[in-house]
>>> print(open('coords_26.cif').read())   # mmCIF, C-alpha atoms
data_protein
#
loop_
_atom_site.label_atom_id
_atom_site.label_comp_id
_atom_site.auth_asym_id
_atom_site.auth_seq_id
_atom_site.Cartn_x
_atom_site.Cartn_y
_atom_site.Cartn_z
CA MET N 1 -79.77 -96.99 -26.41
CA ILE N 2 -77.97 -93.64 -26.34
CA ARG N 3 -78.48 -90.87 -28.91
CA ILE N 4 -76.78 -87.48 -29.12
CA SER N 5 -78.24 -84.62 -31.16
CA LEU N 6 -78.83 -80.85 -31.14
CA ALA N 7 -82.03 -79.19 -29.97
CA PHE N 8 -83.39 -75.65 -29.75
CA ASP N 9 -84.53 -74.35 -26.35
CA HIS N 10 -86.24 -77.41 -24.90
CA HIS N 11 -87.85 -75.16 -22.24
CA LYS N 12 -89.57 -73.23 -25.09
CA ARG N 13 -88.94 -69.89 -23.38
CA THR N 14 -87.63 -68.01 -26.43
CA PRO N 15 -90.07 -65.40 -27.80
CA ASN N 16 -90.91 -65.60 -31.51
CA GLY N 17 -88.38 -63.86 -33.73
CA GLN N 18 -85.59 -63.80 -31.13
CA GLU N 19 -82.46 -65.84 -30.60
CA GLY N 20 -82.57 -68.84 -28.31
CA PRO N 21 -80.12 -71.40 -26.90
CA VAL N 22 -78.84 -74.37 -28.87
CA GLU N 23 -78.44 -77.45 -26.65
CA VAL N 24 -76.93 -80.91 -26.91
CA ARG N 25 -79.61 -83.53 -26.28
CA VAL N 26 -78.40 -86.79 -24.77
CA THR N 27 -81.14 -89.40 -24.87
CA ILE N 28 -80.54 -92.41 -22.61
CA GLY N 29 -83.24 -94.97 -23.18
CA ARG N 30 -86.25 -92.70 -23.56
CA LYS N 31 -85.19 -89.99 -21.14
CA PRO N 32 -83.59 -86.83 -22.65
CA TYR N 33 -80.95 -84.71 -20.92
CA TYR N 34 -79.79 -81.31 -22.16
CA ILE N 35 -76.44 -79.51 -22.10
CA ASN N 36 -76.27 -75.81 -23.00
CA THR N 37 -73.66 -74.99 -25.65
CA GLY N 38 -73.56 -71.22 -25.17
CA VAL N 39 -74.63 -70.74 -28.81
CA ARG N 40 -77.72 -68.61 -29.45
CA VAL N 41 -79.42 -68.41 -32.87
CA HIS N 42 -82.86 -67.94 -34.38
CA LYS N 43 -84.85 -71.17 -34.42
CA GLU N 44 -85.02 -71.24 -38.21
CA ARG N 45 -81.21 -71.33 -38.47
CA LEU N 46 -80.89 -74.73 -36.73
CA VAL N 47 -81.42 -77.30 -39.47
CA GLY N 48 -80.86 -80.84 -38.24
CA ASN N 49 -77.56 -80.84 -36.34
CA ALA N 50 -76.04 -77.74 -37.94
CA VAL N 51 -76.54 -73.98 -38.06
CA CYS N 52 -77.02 -72.37 -41.46
CA ASP N 53 -76.75 -68.78 -42.68
CA MET N 54 -79.98 -67.06 -43.67
CA ALA N 55 -81.72 -63.71 -43.57
CA VAL N 56 -82.95 -62.98 -40.04
CA PRO N 57 -84.43 -59.79 -38.55
CA GLY N 58 -82.03 -57.56 -36.62
CA GLU N 59 -82.71 -55.34 -33.63
CA ASP N 60 -84.02 -52.64 -35.97
CA GLY N 61 -86.37 -55.09 -37.66
CA VAL N 62 -84.44 -55.15 -40.94
CA LYS N 63 -83.53 -58.61 -42.23
CA ARG N 64 -79.85 -59.30 -42.82
CA VAL N 65 -78.03 -62.42 -44.00
CA THR N 66 -75.87 -63.94 -41.26
CA SER N 67 -72.28 -65.05 -41.90
CA ASP N 68 -71.19 -66.79 -38.68
CA ALA N 69 -72.46 -70.31 -39.39
CA ASP N 70 -68.97 -71.80 -39.83
CA ILE N 71 -67.74 -70.42 -36.49
CA LEU N 72 -70.86 -71.56 -34.62
CA ASN N 73 -70.77 -75.04 -36.20
CA GLU N 74 -67.11 -75.38 -35.22
CA ARG N 75 -68.01 -74.74 -31.58
CA LEU N 76 -71.03 -77.06 -31.71
CA THR N 77 -68.94 -79.84 -33.29
CA THR N 78 -66.30 -79.48 -30.58
CA ILE N 79 -68.92 -79.69 -27.81
CA VAL N 80 -70.67 -82.71 -29.35
CA ARG N 81 -67.33 -84.51 -29.64
CA LEU N 82 -66.57 -83.77 -25.99
CA VAL N 83 -69.95 -85.21 -24.98
CA GLU N 84 -69.43 -88.29 -27.16
CA SER N 85 -65.96 -88.77 -25.69
CA GLU N 86 -67.28 -88.68 -22.12
CA VAL N 87 -70.16 -91.04 -22.94
CA ASN N 88 -67.78 -93.52 -24.61
CA ARG N 89 -65.42 -93.30 -21.63
CA CYS N 90 -68.27 -94.26 -19.30
CA LEU N 91 -69.31 -97.14 -21.56
CA ASP N 92 -65.74 -98.46 -21.93
CA ASN N 93 -65.19 -98.39 -18.16
CA ARG N 94 -68.71 -99.69 -17.44
CA LEU N 95 -69.55 -96.63 -15.41
CA PRO N 96 -73.01 -95.11 -15.01
CA ILE N 97 -73.60 -92.20 -17.38
CA ASP N 98 -73.91 -89.11 -15.20
CA VAL N 99 -75.04 -86.26 -17.47
CA THR N 100 -74.46 -83.72 -14.68
CA CYS N 101 -70.81 -84.77 -14.50
CA ILE N 102 -70.53 -84.65 -18.31
CA ARG N 103 -72.11 -81.19 -18.36
CA ASN N 104 -69.61 -79.89 -15.79
CA LYS N 105 -66.65 -81.29 -17.73
CA VAL N 106 -67.87 -79.76 -20.99
CA TRP N 107 -68.45 -76.38 -19.39
CA GLY N 108 -65.03 -76.57 -17.73
CA ALA N 109 -63.32 -77.32 -21.05
CA LEU N 110 -65.24 -74.59 -22.87
CA ARG N 111 -65.58 -71.87 -20.28
CA PRO N 112 -66.70 -68.58 -21.80
CA GLU N 113 -63.87 -66.53 -23.26
CA SER N 114 -63.92 -62.81 -23.87
CA ASP N 115 -63.64 -61.62 -27.47
CA ASP N 116 -60.06 -60.48 -26.94
CA ALA N 117 -58.86 -63.52 -24.97
CA PRO N 118 -55.67 -64.94 -26.55
CA VAL N 119 -57.01 -68.49 -27.00
CA LEU N 120 -54.64 -69.20 -29.89
CA ILE N 121 -51.56 -68.00 -28.01
CA THR N 122 -52.54 -70.00 -24.90
CA TRP N 123 -52.92 -73.14 -27.03
CA ILE N 124 -49.52 -72.62 -28.71
CA LYS N 125 -47.77 -72.17 -25.35
CA LYS N 126 -49.39 -75.30 -23.95
CA MET N 127 -48.55 -77.29 -27.08
CA ALA N 128 -44.93 -76.16 -27.03
CA ALA N 129 -44.59 -77.02 -23.33
CA GLU N 130 -45.97 -80.55 -23.81
CA ALA N 131 -44.42 -81.39 -27.20
CA ASP N 132 -41.19 -83.39 -27.49
CA ILE N 133 -39.16 -80.61 -29.09
CA SER N 134 -35.83 -78.96 -28.34
CA ALA N 135 -35.43 -75.95 -26.09
CA ALA N 136 -34.45 -73.84 -29.10
CA THR N 137 -37.69 -74.76 -30.91
CA LYS N 138 -39.73 -73.93 -27.80
CA LYS N 139 -38.02 -70.54 -27.72
CA ARG N 140 -39.01 -69.96 -31.35
CA TYR N 141 -42.66 -70.73 -30.49
CA THR N 142 -42.44 -68.21 -27.65
CA THR N 143 -41.18 -65.60 -30.12
CA LEU N 144 -44.09 -66.46 -32.43
CA CYS N 145 -46.54 -65.92 -29.55
CA ASN N 146 -44.97 -62.54 -28.83
CA LYS N 147 -45.36 -61.48 -32.46
CA LEU N 148 -48.99 -62.63 -32.55
CA ALA N 149 -49.68 -60.73 -29.33
CA GLU N 150 -48.07 -57.58 -30.74
CA TYR N 151 -50.10 -57.88 -33.94
CA GLY N 152 -53.31 -58.35 -31.93
CA ARG N 153 -55.58 -59.47 -34.77
CA MET N 154 -55.01 -63.22 -34.62
CA LEU N 155 -55.67 -64.14 -31.00
CA ARG N 156 -58.48 -66.65 -31.64
CA TRP N 157 -58.82 -69.58 -34.03
CA GLU N 158 -61.62 -67.99 -36.03
CA GLN N 159 -59.34 -65.02 -36.72
CA LEU N 160 -56.91 -67.22 -38.68
CA THR N 161 -58.20 -66.12 -42.08
CA LYS N 162 -56.46 -65.59 -45.39
CA GLU N 163 -56.94 -61.83 -45.11
CA ASN N 164 -55.53 -61.60 -41.57
CA ILE N 165 -52.52 -63.76 -42.41
CA TYR N 166 -51.70 -61.58 -45.41
CA GLU N 167 -51.99 -58.41 -43.30
CA TRP N 168 -49.79 -60.06 -40.64
CA ASP N 169 -47.18 -60.69 -43.34
CA VAL N 170 -47.23 -57.01 -44.32
CA TRP N 171 -47.01 -56.02 -40.64
CA LEU N 172 -44.01 -58.32 -40.05
CA ARG N 173 -42.08 -56.77 -42.93
CA GLN N 174 -42.44 -53.37 -41.28
CA GLN N 175 -41.01 -54.49 -37.94
CA ARG N 176 -37.45 -53.46 -37.10
CA VAL N 177 -34.88 -55.71 -35.49
CA PRO N 178 -33.78 -54.28 -32.11
CA LEU N 179 -30.10 -53.36 -31.89
CA THR N 180 -27.69 -54.54 -29.22
CA GLU N 181 -25.76 -52.05 -27.12
CA ASN N 182 -22.60 -52.58 -29.17
CA GLN N 183 -24.51 -52.05 -32.40
CA ARG N 184 -25.96 -48.80 -31.11
CA ASP N 185 -22.51 -47.65 -29.96
CA ALA N 186 -21.19 -48.43 -33.43
CA GLY N 187 -23.82 -46.14 -34.98
CA MET N 188 -25.68 -48.91 -36.80
CA GLU N 189 -29.30 -48.32 -37.78
CA ALA N 190 -32.10 -50.79 -37.08
CA ASP N 191 -33.16 -52.76 -40.13
CA THR N 192 -36.48 -54.43 -40.93
CA LEU N 193 -36.99 -58.19 -40.68
CA SER N 194 -35.38 -60.13 -43.50
CA GLN N 195 -37.36 -62.24 -45.96
CA SER N 196 -36.01 -65.39 -44.30
CA ALA N 197 -37.13 -64.21 -40.84
CA VAL N 198 -40.67 -63.48 -42.08
CA TYR N 199 -40.73 -66.87 -43.83
CA ASN N 200 -39.75 -68.61 -40.59
CA TYR N 201 -42.67 -66.98 -38.75
CA HIS N 202 -45.05 -68.33 -41.39
CA LYS N 203 -43.37 -71.72 -41.15
CA LEU N 204 -43.98 -71.85 -37.37
CA LEU N 205 -47.61 -70.76 -37.74
CA LYS N 206 -48.15 -73.44 -40.40
CA ALA N 207 -46.79 -76.05 -38.00
CA VAL N 208 -49.21 -74.84 -35.31
CA ILE N 209 -52.16 -75.02 -37.71
CA ASN N 210 -51.21 -78.53 -38.91
CA ARG N 211 -51.03 -79.73 -35.30
CA ALA N 212 -54.39 -78.11 -34.53
CA LEU N 213 -55.90 -79.91 -37.54
CA LYS N 214 -54.51 -83.19 -36.24
CA PHE N 215 -56.29 -82.70 -32.91
CA ASP N 216 -59.52 -81.43 -34.55
CA VAL N 217 -59.17 -77.99 -33.00
CA ILE N 218 -59.89 -76.44 -36.41
CA ASP N 219 -61.29 -77.88 -39.64
CA ALA N 220 -59.41 -76.00 -42.38
CA ASN N 221 -55.95 -74.65 -43.10
CA PRO N 222 -56.07 -71.03 -44.39
CA TYR N 223 -52.58 -71.49 -45.90
CA ASP N 224 -54.07 -73.95 -48.41
CA LYS N 225 -55.51 -70.93 -50.23
CA MET N 226 -52.16 -69.12 -50.17
CA LYS N 227 -49.76 -71.70 -51.60
CA GLY N 228 -46.58 -70.19 -52.99
CA MET N 229 -47.33 -66.73 -51.59
CA PHE N 230 -44.69 -66.76 -48.84
CA LYS N 231 -41.21 -67.87 -49.91
CA ARG N 232 -37.81 -68.05 -48.28
CA GLY N 233 -35.59 -65.18 -49.37
CA THR N 234 -32.09 -65.48 -50.79
CA ARG N 235 -29.31 -63.53 -49.12
CA GLU N 236 -27.47 -61.80 -51.96
CA ALA N 237 -25.37 -59.45 -49.81
CA VAL N 238 -23.66 -59.91 -46.45
CA ASP N 239 -23.09 -56.88 -44.25
CA TYR N 240 -19.74 -56.34 -42.52
CA LEU N 241 -18.60 -53.75 -40.00
CA THR N 242 -16.75 -50.81 -41.47
CA GLU N 243 -13.44 -49.55 -40.04
CA ASP N 244 -15.21 -46.67 -38.31
CA GLN N 245 -17.82 -48.98 -36.75
CA ILE N 246 -15.11 -51.34 -35.47
CA ALA N 247 -13.31 -48.37 -33.89
CA ARG N 248 -16.50 -47.25 -32.18
CA CYS N 249 -17.12 -50.78 -30.86
CA TRP N 250 -13.54 -50.89 -29.56
CA ARG N 251 -14.07 -47.62 -27.68
CA SER N 252 -17.51 -48.61 -26.36
CA ARG N 253 -18.14 -48.86 -22.62
CA ARG N 254 -18.66 -52.62 -22.72
CA CYS N 255 -15.36 -53.23 -24.49
CA LEU N 256 -13.49 -50.94 -22.09
CA ALA N 257 -14.98 -52.81 -19.13
CA LEU N 258 -13.80 -56.17 -20.47
CA ARG N 259 -10.24 -55.23 -21.43
CA TRP N 260 -8.85 -55.61 -17.95
CA GLN N 261 -10.26 -59.16 -17.62
CA TRP N 262 -8.43 -60.79 -20.48
CA ARG N 263 -6.08 -60.08 -23.35
CA THR N 264 -7.63 -60.28 -26.75
CA THR N 265 -5.88 -61.00 -29.98
CA CYS N 266 -7.54 -59.12 -32.80
CA LEU N 267 -7.04 -60.25 -36.34
CA TYR N 268 -8.28 -57.88 -38.99
CA PHE N 269 -9.21 -59.20 -42.35
CA LYS N 270 -9.99 -56.66 -44.95
CA CYS N 271 -12.78 -57.66 -47.28
CA SER N 272 -14.32 -56.05 -50.30
CA ARG N 273 -17.26 -54.98 -48.13
CA GLY N 274 -15.40 -53.82 -45.01
CA TRP N 275 -13.51 -55.36 -42.08
CA LEU N 276 -14.00 -58.49 -40.00
CA MET N 277 -12.80 -58.65 -36.38
CA PRO N 278 -12.77 -62.23 -35.07
CA THR N 279 -11.49 -62.54 -31.50
CA ARG N 280 -10.33 -65.38 -29.30
CA ARG N 281 -9.71 -65.47 -25.58
CA CYS N 282 -6.07 -65.87 -24.51
CA SER N 283 -4.61 -67.16 -21.27
CA THR N 284 -3.24 -64.44 -18.97
#
>>> encode(input="coords_26.cif", output="structure tokens")
Amino acid sequence: MIRISLAFDHHKRTPNGQEGPVEVRVTIGRKPYYINTGVRVHKERLVGNAVCDMAVPGEDGVKRVTSDADILNERLTTIVRLVESEVNRCLDNRLPIDVTCIRNKVWGALRPESDDAPVLITWIKKMAAEADISAATKKRYTTLCNKLAEYGRMLRWEQLTKENIYEWDVWLRQQRVPLTENQRDAGMEADTLSQSAVYNYHKLLKAVINRALKFDVIDANPYDKMKGMFKRGTREAVDYLTEDQIARCWRSRRCLALRWQWRTTCLYFKCSRGWLMPTRRCST
């Protein structure tokens, strides 16, 4: 008979009133084996197989109510599932259950990460590389990772909160679209991201979260509390180049460098908002 549960410091080395290690106890027959989870809490906070929030004394002796139970339970649940998966694999293949081997695999899968390690970005890149999606979609996920890295406040799963997502939305709306060389030569000014562009970033992040839920990486979708908050914009006006901007583009260094390579037929269509300059390559 095999049983898997959580235990608090089976060595009993933790002094009274201090935090101690939470361990996964694997009982095979009547012999228990222990796997450290890397989670440390006060003994009173471990109730059954879950950590709860309660008032515990701090370093200054003053009691304060903790608020990290959900994050700690998420990690403990992930570790217990890894242990169960390895035990079931051994049973299915009729292999001896080697707890040392299971411990090494669990520690390898959940090696300690620094507080600023981009776990979320790493997961997105790996998911995009392995998923059966087009090259264009993979490029969009790369752009999403770049924006998350620039923002810097949503690098880990536990940082995907309603508050952080809202602040990310505000931050995105303040970002300016970089201009090309021709646009700079034409005297155009950088504009902020459009409503549709911001919406697409949220759409990609939602897809990431839904996939993470499917693989039990996280347990809740923060967007469920924000339904209808982020909408696709409607483009009411379309910008065209003015006559002066077209003239500047025509005199730009890039255009001058290309004139000797081919002849270009330029058709000007005057519109109510400016000029269009479609071009086509002609045989020489």
>>> closest_residue(input="coords_26.cif", among="N:Met1, N:Val56, N:Leu120, N:Ile133", to="Glu158 in chain N", atoms="all atoms listed in the file")
N:Leu120
>>> residues_around(input="coords_26.cif", residues="range 212-219 of chain N", least_positions_apart="4", cutoff="8 Å", atoms="all atoms listed in the file", output="MDAnalysis selection string")
chainID N and resid 74 78 157 208
>>> residues_around(input="coords_26.cif", residues="range 161-176 of chain N", least_positions_apart="2", cutoff="8 Å", atoms="only C-alpha atoms", output="tab-separated table (two decimals) with C-alpha atoms, in the coordinates of the input")
chain	number	residue	atom	x	y	z
N	151	TYR	CA	-50.10	-57.88	-33.94
N	153	ARG	CA	-55.58	-59.47	-34.77
N	154	MET	CA	-55.01	-63.22	-34.62
N	158	GLU	CA	-61.62	-67.99	-36.03
N	159	GLN	CA	-59.34	-65.02	-36.72
N	178	PRO	CA	-33.78	-54.28	-32.11
N	190	ALA	CA	-32.10	-50.79	-37.08
N	191	ASP	CA	-33.16	-52.76	-40.13
N	192	THR	CA	-36.48	-54.43	-40.93
N	193	LEU	CA	-36.99	-58.19	-40.68
N	194	SER	CA	-35.38	-60.13	-43.50
N	195	GLN	CA	-37.36	-62.24	-45.96
N	198	VAL	CA	-40.67	-63.48	-42.08
N	222	PRO	CA	-56.07	-71.03	-44.39
N	223	TYR	CA	-52.58	-71.49	-45.90
N	225	LYS	CA	-55.51	-70.93	-50.23
N	226	MET	CA	-52.16	-69.12	-50.17
>>> atom_distance(input="coords_26.cif", atom1="CA of Met127 in chain N", atom2="CA of Arg211 in chain N")
8.9 Å
>>> atom_distance(input="coords_26.cif", atom1="CA of Leu91 in chain N", atom2="CA of Ile2 in chain N")
10.5 Å
